[in-house]
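Everything below concerns the one structure shown next.
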Amino acid sequence: MSDAAPKKLLRVLSGETLDPPPVWLMRQAGRYLPEYRALRTEAPNFLSFCFTPDLAVEATLQPIRRYGFDAAILFCDILVIPHALGQKVWFEEGQGPKLEALQSPADLDRLSLENLHGALAPVYETLGRLSRALPGETALIGFAGAPWTVASYMIEGGSSRDFAKAKGWAYRDPESFSGLIDLLVEATAAYLIRQAEAGAEVLQIFDSWAGVWPEAALRRWCLEPAREIVRRVRAACPDCPVILFPRGAGLNYTDFARESGAQGLSLDTTLPLEWAAKTLQPHAALQGNLDPILLASGGAGVTDAVRNIRAKLGGGPMIFNLGHGIVPHTDPDEVARMLEAVRA
Ligand code: CP3
């Protein structure tokens, strides 16, 4: 290991305030980049793209070369976990993810932890290569989906508008639903610990659909599983900070800040920043929260919004990011202009 100065992202996650703040973007590797679209044609499908270390390493590095972000995020997907548990997962061009949906508690018996690390071995290989390839100042982020968000895809069989099947299952039969969540806690914690051992220096947990639950269910299906995963990860890897993204949790972000044990919280686009600085920042570094659609729209509004986020969150530990993933129609030059404002 080198004895170089700690990376900016790690400094902020241990509570330092840095100006300008470190910056990376959710989905920073992806279809808005022409070099990504070219690379993507080299794999027959998206999952094999994720599981081919040569391609996944290259996709991870592309946005680092182009923009010099302070962190690289592993190129992969949250749906590798259902795949590794034995569920059929595929991606249809232009349609997003598809899964052979779980329909009844009996279907849970077909899921197994047995080949988890075997199926995910290429991801660990990718992380090892990345930790050797990245510039000394760039932090490496590993990630996984949170149990609820992953369970929603497993039950809905893909993306959903109202999550009626997955929420309905949880309300009608909380016992078997909790069996699925517990299995995902187990798999996700083990996966994240292996990622840290393979070279990830920070871990982010994406609960993209936390915002669909009432308060008590949010606590049971999102906060408690996240807290358990953070507890296990920190016990195994005490130096690896965790960033949690309970997207849409609104005022309940307070409970995630106080109780999850995460070192960072990723703010969605809707959260009021003065409230977040006052209520959440004493407990965790805050990451966010430029509207990805504003970024794609471009113009002076982006610079104003960057200044506003820096002014409101910059008094404490902050990481500049979007409030959700970058959208494919974003002009790469807009990202460069945004970065000038973040680093000014
Ligand atoms: O951030 C990064 O650059 C790392 C890579 C990354 C991907 N997916 C690559 C990807 C990350 C961190 C994810 C996380 C992910 N995947 C989430 C949580 C974050 C969020 O956006 O809410 C979710 C819900 C998924 C599931 C998923 N994967 C969906 C719904 C889709 C289809 C939507 C789309 O953008 O096409 C994917 C496919 C996917 N994952 C793509 C990429 C680059 C596009 C597929 C392609 O390039 O062929």
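Starting from 1 in every chain, residues are counted up; chains themselves are A, B, ... following the order of the structure tokens, and ligands are numbered from 1 as listed.
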Check which residues of chain A sit at most 8 Å from ligand 1 using only C-alpha atoms and all ligand atoms, and return one row each with the closest pair of atoms and their distance in Å to one decimal, ordered by chain and rising number, as a tab-separated table.
```
residue	atom	partner	partner_atom_place_in_ligand_line	distance
A:Leu25	CA	ligand 1	1 (O)	7.0
A:Met26	CA	ligand 1	1 (O)	4.4
A:Arg27	CA	ligand 1	1 (O)	2.9
A:Gln28	CA	ligand 1	3 (O)	4.2
A:Ala29	CA	ligand 1	3 (O)	3.8
A:Gly30	CA	ligand 1	43 (C)	4.2
A:Arg31	CA	ligand 1	47 (O)	5.8
A:Tyr36	CA	ligand 1	47 (O)	7.9
A:Arg37	CA	ligand 1	47 (O)	7.4
A:Arg40	CA	ligand 1	47 (O)	6.6
A:Asn45	CA	ligand 1	48 (O)	7.5
A:Phe46	CA	ligand 1	48 (O)	5.3
A:Thr60	CA	ligand 1	3 (O)	6.9
A:Ile73	CA	ligand 1	4 (C)	5.4
A:Leu74	CA	ligand 1	4 (C)	5.6
A:Phe75	CA	ligand 1	5 (C)	4.4
A:Cys76	CA	ligand 1	5 (C)	5.0
A:Asp77	CA	ligand 1	8 (N)	4.2
A:Ile78	CA	ligand 1	16 (N)	4.9
A:Leu79	CA	ligand 1	26 (C)	6.3
A:Phe91	CA	ligand 1	38 (C)	7.2
A:Glu93	CA	ligand 1	48 (O)	6.6
A:Gly94	CA	ligand 1	36 (O)	6.7
A:Gln95	CA	ligand 1	32 (C)	7.0
A:Gly96	CA	ligand 1	32 (C)	3.8
A:Pro97	CA	ligand 1	31 (C)	5.6
A:Phe143	CA	ligand 1	12 (C)	6.6
A:Ala144	CA	ligand 1	14 (C)	7.5
A:Gly145	CA	ligand 1	18 (C)	6.2
A:Thr149	CA	ligand 1	24 (C)	7.0
A:Val150	CA	ligand 1	24 (C)	7.8
A:Gly158	CA	ligand 1	30 (C)	7.6
A:Ser159	CA	ligand 1	30 (C)	6.1
A:Phe206	CA	ligand 1	18 (C)	5.2
A:Asp207	CA	ligand 1	18 (C)	7.0
A:Ser208	CA	ligand 1	22 (O)	4.4
A:Trp209	CA	ligand 1	22 (O)	7.5
A:His324	CA	ligand 1	21 (O)	6.3
A:Gly325	CA	ligand 1	21 (O)	5.1
A:Val327	CA	ligand 1	35 (O)	7.4
A:Pro328	CA	ligand 1	35 (O)	7.4
```
(message) Set the distance at 12 Å and use only C-alpha atoms: which residues neighbour A:Pro135 once local chain neighbours fewer than 4 positions away are removed? I'd like the list as an MDAnalysis selection string.
(response) chainID A and resid 2 4 7 61 64:65 68:72 130:131 139:140
Just write the chosen residues, N, CA, C and O atoms, as a compact mmCIF listing (two decimals), in the first residue's frame.
```
# COMPACT_ATOMS: atom_id res chain seq x y z
N SER A 2 0.41 2.30 -0.66
CA SER A 2 1.17 3.55 -0.69
C SER A 2 0.86 4.37 0.57
O SER A 2 -0.15 4.16 1.22
N ALA A 4 0.51 7.62 0.34
CA ALA A 4 0.09 8.91 -0.22
C ALA A 4 -1.01 9.52 0.65
O ALA A 4 -1.62 8.84 1.46
N LYS A 7 -7.31 9.88 0.04
CA LYS A 7 -8.10 10.38 -1.07
C LYS A 7 -9.22 11.28 -0.55
O LYS A 7 -9.74 11.07 0.54
N LEU A 61 -13.25 2.88 -16.16
CA LEU A 61 -12.19 3.87 -16.33
C LEU A 61 -12.56 5.00 -17.30
O LEU A 61 -12.00 6.10 -17.21
N ILE A 64 -13.36 8.31 -15.82
CA ILE A 64 -12.22 8.83 -15.04
C ILE A 64 -11.24 9.51 -15.99
O ILE A 64 -10.75 10.62 -15.74
N ARG A 65 -10.97 8.86 -17.13
CA ARG A 65 -10.06 9.46 -18.12
C ARG A 65 -10.62 10.77 -18.65
O ARG A 65 -9.92 11.74 -18.82
N GLY A 68 -11.69 12.98 -14.88
CA GLY A 68 -10.92 12.99 -13.64
C GLY A 68 -11.78 13.07 -12.39
O GLY A 68 -11.44 13.77 -11.42
N PHE A 69 -12.89 12.36 -12.37
CA PHE A 69 -13.72 12.32 -11.15
C PHE A 69 -12.88 11.87 -9.95
O PHE A 69 -11.88 11.16 -10.11
N ASP A 70 -13.31 12.25 -8.75
CA ASP A 70 -12.58 11.85 -7.54
C ASP A 70 -12.83 10.41 -7.15
O ASP A 70 -12.14 9.88 -6.28
N ALA A 71 -13.83 9.77 -7.76
CA ALA A 71 -14.08 8.36 -7.48
C ALA A 71 -14.52 7.65 -8.74
O ALA A 71 -15.20 8.22 -9.60
N ALA A 72 -14.13 6.38 -8.83
CA ALA A 72 -14.61 5.49 -9.88
C ALA A 72 -15.60 4.55 -9.22
O ALA A 72 -15.35 4.04 -8.13
N LEU A 130 -9.05 -2.98 -11.03
CA LEU A 130 -9.26 -1.53 -10.94
C LEU A 130 -8.40 -0.90 -9.84
O LEU A 130 -7.85 0.18 -10.02
N SER A 131 -8.29 -1.60 -8.71
CA SER A 131 -7.54 -0.97 -7.62
C SER A 131 -6.07 -0.83 -8.01
O SER A 131 -5.38 0.06 -7.54
N ALA A 139 -10.65 7.35 -5.66
CA ALA A 139 -11.18 6.31 -4.78
C ALA A 139 -12.01 5.31 -5.59
O ALA A 139 -12.61 5.67 -6.61
N LEU A 140 -12.04 4.07 -5.14
CA LEU A 140 -12.80 3.02 -5.83
C LEU A 140 -14.05 2.67 -5.00
O LEU A 140 -13.94 2.24 -3.84
```
(request) May I have all residues of stretch 16-93 of chain A that DSSP, computed from the backbone, assigns to helix (DSSP H, G or I), given as a count of residues only? (result) 32
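In this comparison, which uses only C-alpha atoms, the residue of A:Leu18, A:Ala262, A:Leu280, A:Leu55 approaching A:Gly250 most closely is A:Leu280.
Taking stretch 102-189 of chain A and asking which residues DSSP calls strand (DSSP E) on the backbone, you get Ala139, Leu140, Ile141, Gly142, Phe143, Ala144 and Gly145 of chain A.
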(request) Compile the contact shell of stretch 164-176 of chain A as a VMD selection string: residues with an atom at most 12 Å away, counting only C-alpha atoms, same-chain residues fewer than 4 positions apart removed. (result) chain A and resid 101 to 109 148 to 160 180 to 183 209 to 210 212 to 214 216 to 218 220 to 221
Preceding selection exported with N, CA, C and O atoms as a short mmCIF file (atom, residue, chain, number, x, y, z; two decimals), in the first residue's frame:
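Saved to again.cif:
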```cif
data_model
loop_
_atom_site.label_atom_id
_atom_site.label_comp_id
_atom_site.auth_asym_id
_atom_site.auth_seq_id
_atom_site.Cartn_x
_atom_site.Cartn_y
_atom_site.Cartn_z
N ALA A 101 -40.21 -13.83 -12.65
CA ALA A 101 -40.71 -13.30 -11.38
C ALA A 101 -40.98 -14.37 -10.33
O ALA A 101 -41.49 -15.45 -10.64
N LEU A 102 -40.67 -14.07 -9.06
CA LEU A 102 -41.07 -14.92 -7.94
C LEU A 102 -42.56 -14.71 -7.75
O LEU A 102 -43.03 -13.57 -7.65
N GLN A 103 -43.34 -15.81 -7.70
CA GLN A 103 -44.79 -15.65 -7.62
C GLN A 103 -45.40 -16.12 -6.32
O GLN A 103 -46.49 -15.70 -5.96
N SER A 104 -44.70 -17.02 -5.63
CA SER A 104 -45.26 -17.51 -4.36
C SER A 104 -44.11 -17.90 -3.45
O SER A 104 -42.98 -18.09 -3.92
N PRO A 105 -44.39 -18.04 -2.14
CA PRO A 105 -43.32 -18.39 -1.20
C PRO A 105 -42.55 -19.64 -1.63
O PRO A 105 -41.35 -19.73 -1.37
N ALA A 106 -43.22 -20.56 -2.33
CA ALA A 106 -42.52 -21.79 -2.76
C ALA A 106 -41.35 -21.44 -3.68
O ALA A 106 -40.33 -22.15 -3.70
N ASP A 107 -41.49 -20.36 -4.45
CA ASP A 107 -40.40 -19.97 -5.37
C ASP A 107 -39.12 -19.57 -4.63
O ASP A 107 -38.03 -19.61 -5.21
N LEU A 108 -39.27 -19.15 -3.37
CA LEU A 108 -38.08 -18.74 -2.59
C LEU A 108 -37.16 -19.93 -2.36
O LEU A 108 -35.95 -19.77 -2.22
N ASP A 109 -37.75 -21.14 -2.32
CA ASP A 109 -36.94 -22.32 -2.06
C ASP A 109 -35.93 -22.59 -3.18
O ASP A 109 -34.98 -23.34 -2.99
N TRP A 148 -34.76 -4.27 -0.26
CA TRP A 148 -36.10 -3.97 -0.77
C TRP A 148 -36.07 -3.70 -2.27
O TRP A 148 -36.87 -4.24 -3.03
N THR A 149 -35.13 -2.86 -2.73
CA THR A 149 -35.09 -2.50 -4.15
C THR A 149 -34.83 -3.75 -5.00
O THR A 149 -35.49 -3.97 -6.03
N VAL A 150 -33.93 -4.61 -4.56
CA VAL A 150 -33.64 -5.83 -5.32
C VAL A 150 -34.86 -6.77 -5.27
O VAL A 150 -35.27 -7.34 -6.29
N ALA A 151 -35.48 -6.90 -4.08
CA ALA A 151 -36.67 -7.76 -3.95
C ALA A 151 -37.79 -7.28 -4.88
O ALA A 151 -38.52 -8.09 -5.46
N SER A 152 -37.90 -5.96 -5.04
CA SER A 152 -38.98 -5.45 -5.89
C SER A 152 -38.80 -5.94 -7.33
O SER A 152 -39.77 -6.36 -7.97
N TYR A 153 -37.57 -5.93 -7.84
CA TYR A 153 -37.34 -6.46 -9.20
C TYR A 153 -37.59 -7.96 -9.25
O TYR A 153 -38.11 -8.49 -10.24
N MET A 154 -37.23 -8.67 -8.17
CA MET A 154 -37.38 -10.13 -8.16
C MET A 154 -38.86 -10.54 -8.19
O MET A 154 -39.23 -11.56 -8.78
N ILE A 155 -39.72 -9.74 -7.55
CA ILE A 155 -41.14 -10.08 -7.48
C ILE A 155 -41.91 -9.49 -8.66
O ILE A 155 -42.80 -10.14 -9.23
N GLU A 156 -41.57 -8.27 -9.06
CA GLU A 156 -42.28 -7.64 -10.18
C GLU A 156 -41.84 -8.24 -11.53
O GLU A 156 -42.54 -8.09 -12.52
N GLY A 157 -40.65 -8.84 -11.56
CA GLY A 157 -40.13 -9.36 -12.82
C GLY A 157 -39.53 -8.27 -13.70
O GLY A 157 -39.30 -8.49 -14.89
N GLY A 158 -39.27 -7.10 -13.14
CA GLY A 158 -38.69 -5.99 -13.89
C GLY A 158 -39.02 -4.69 -13.20
O GLY A 158 -39.34 -4.68 -12.00
N SER A 159 -38.98 -3.60 -13.96
CA SER A 159 -39.34 -2.30 -13.39
C SER A 159 -40.84 -2.25 -13.18
O SER A 159 -41.58 -3.04 -13.77
N SER A 160 -41.29 -1.33 -12.35
CA SER A 160 -42.71 -1.28 -12.01
C SER A 160 -43.15 0.15 -11.80
O SER A 160 -42.34 1.01 -11.45
N LEU A 180 -37.39 -13.49 2.35
CA LEU A 180 -36.67 -13.01 1.17
C LEU A 180 -35.72 -11.85 1.54
O LEU A 180 -34.56 -11.83 1.11
N ILE A 181 -36.22 -10.92 2.34
CA ILE A 181 -35.37 -9.78 2.75
C ILE A 181 -34.15 -10.29 3.54
O ILE A 181 -33.02 -9.84 3.32
N ASP A 182 -34.37 -11.25 4.44
CA ASP A 182 -33.25 -11.79 5.22
C ASP A 182 -32.21 -12.46 4.32
O ASP A 182 -31.00 -12.31 4.54
N LEU A 183 -32.68 -13.19 3.32
CA LEU A 183 -31.76 -13.83 2.38
C LEU A 183 -30.93 -12.76 1.65
O LEU A 183 -29.72 -12.91 1.44
N TRP A 209 -35.94 2.51 -4.54
CA TRP A 209 -37.41 2.54 -4.41
C TRP A 209 -37.87 2.61 -2.97
O TRP A 209 -39.01 2.27 -2.65
N ALA A 210 -37.01 3.09 -2.06
CA ALA A 210 -37.40 3.26 -0.65
C ALA A 210 -38.63 4.16 -0.53
O ALA A 210 -39.45 3.98 0.38
N VAL A 212 -41.47 4.41 -1.78
CA VAL A 212 -42.85 3.96 -2.00
C VAL A 212 -43.55 3.50 -0.72
O VAL A 212 -44.74 3.18 -0.75
N TRP A 213 -42.82 3.45 0.40
CA TRP A 213 -43.38 2.86 1.62
C TRP A 213 -43.87 3.90 2.63
O TRP A 213 -43.21 4.91 2.84
N PRO A 214 -44.97 3.59 3.36
CA PRO A 214 -45.31 4.35 4.56
C PRO A 214 -44.24 4.14 5.64
O PRO A 214 -43.45 3.19 5.56
N ALA A 216 -43.81 2.99 8.80
CA ALA A 216 -43.50 1.76 9.54
C ALA A 216 -42.89 0.70 8.62
O ALA A 216 -41.95 0.00 8.99
N ALA A 217 -43.44 0.60 7.41
CA ALA A 217 -42.91 -0.38 6.46
C ALA A 217 -41.52 0.04 5.98
O ALA A 217 -40.65 -0.81 5.76
N LEU A 218 -41.30 1.31 5.83
CA LEU A 218 -39.97 1.81 5.43
C LEU A 218 -38.93 1.39 6.46
O LEU A 218 -37.83 0.94 6.13
N ARG A 220 -39.19 -1.19 8.54
CA ARG A 220 -39.02 -2.64 8.57
C ARG A 220 -38.29 -3.18 7.34
O ARG A 220 -37.44 -4.05 7.44
N TRP A 221 -38.64 -2.66 6.15
CA TRP A 221 -38.11 -3.27 4.91
C TRP A 221 -36.89 -2.54 4.34
O TRP A 221 -36.23 -3.07 3.46
#
```
(message) For a quick check of understanding, using only C-alpha atoms, which of A:Gly299, A:Pro238, A:Gly136, A:Gly323 has the smallest distance to A:Leu203?
(response) A:Pro238
(request) Extract, using only C-alpha atoms, all DNA, RNA and protein residues at most 10 Å from A:Val80, discarding same-chain residues fewer than 2 positions from it, and format them as a ChimeraX atom specification. (result) /A:47,50-51,76-78,82-87,89-90,116,119-120,123,144-145,150
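Shell of stretch 283-289 of chain A at 7 Å, with only C-alpha atoms counted and residues fewer than 2 places along the chain excluded, is Val12, Leu13, Gly15, Ala257, Arg258, Gln263, Gly264, Leu265, Ser266, Leu267, Asp268, Thr269, Leu280, Gln281, Asp291, Pro317, Met318, Ile319, Phe320, Asn321, Leu322 and Gly323 of chain A.
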Can those selected residues be exported to a file as an mmCIF file, in the first residue's frame so that it contains C-alpha atoms?
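Generated output (selection-v2.cif):
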```
data_model
loop_
_atom_site.group_PDB
_atom_site.id
_atom_site.type_symbol
_atom_site.label_atom_id
_atom_site.label_comp_id
_atom_site.auth_asym_id
_atom_site.auth_seq_id
_atom_site.Cartn_x
_atom_site.Cartn_y
_atom_site.Cartn_z
ATOM 1 C CA VAL A 12 -14.957 13.614 3.581
ATOM 2 C CA LEU A 13 -16.477 10.292 4.642
ATOM 3 C CA GLY A 15 -15.931 13.830 8.586
ATOM 4 C CA ALA A 257 -28.962 9.420 9.368
ATOM 5 C CA ARG A 258 -29.334 8.646 13.061
ATOM 6 C CA GLN A 263 -20.929 7.292 7.059
ATOM 7 C CA GLY A 264 -22.568 8.944 4.051
ATOM 8 C CA LEU A 265 -26.111 9.604 2.880
ATOM 9 C CA SER A 266 -26.938 10.221 -0.761
ATOM 10 C CA LEU A 267 -29.708 12.832 -1.102
ATOM 11 C CA ASP A 268 -32.329 12.584 -3.797
ATOM 12 C CA THR A 269 -33.183 15.639 -5.864
ATOM 13 C CA LEU A 280 -28.655 15.106 8.611
ATOM 14 C CA GLN A 281 -25.129 16.485 8.225
ATOM 15 C CA ASP A 291 -31.363 17.063 -10.705
ATOM 16 C CA PRO A 317 -18.689 17.168 4.873
ATOM 17 C CA MET A 318 -20.156 16.979 1.355
ATOM 18 C CA ILE A 319 -19.669 15.003 -1.863
ATOM 19 C CA PHE A 320 -20.985 16.556 -5.055
ATOM 20 C CA ASN A 321 -23.219 14.203 -7.067
ATOM 21 C CA LEU A 322 -26.586 14.013 -8.782
ATOM 22 C CA GLY A 323 -29.868 13.215 -7.028
#
```
(message) I'd like to know which of A:Leu127, A:Ala133, A:Leu290, A:Leu9 is closest to A:Thr52, using only C-alpha atoms.
(response) A:Leu127
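Shortest atom-to-atom contact with A:Asn252 among A:Arg232, A:Leu223, A:Leu111, A:Gly316: A:Leu223, counting only C-alpha atoms.
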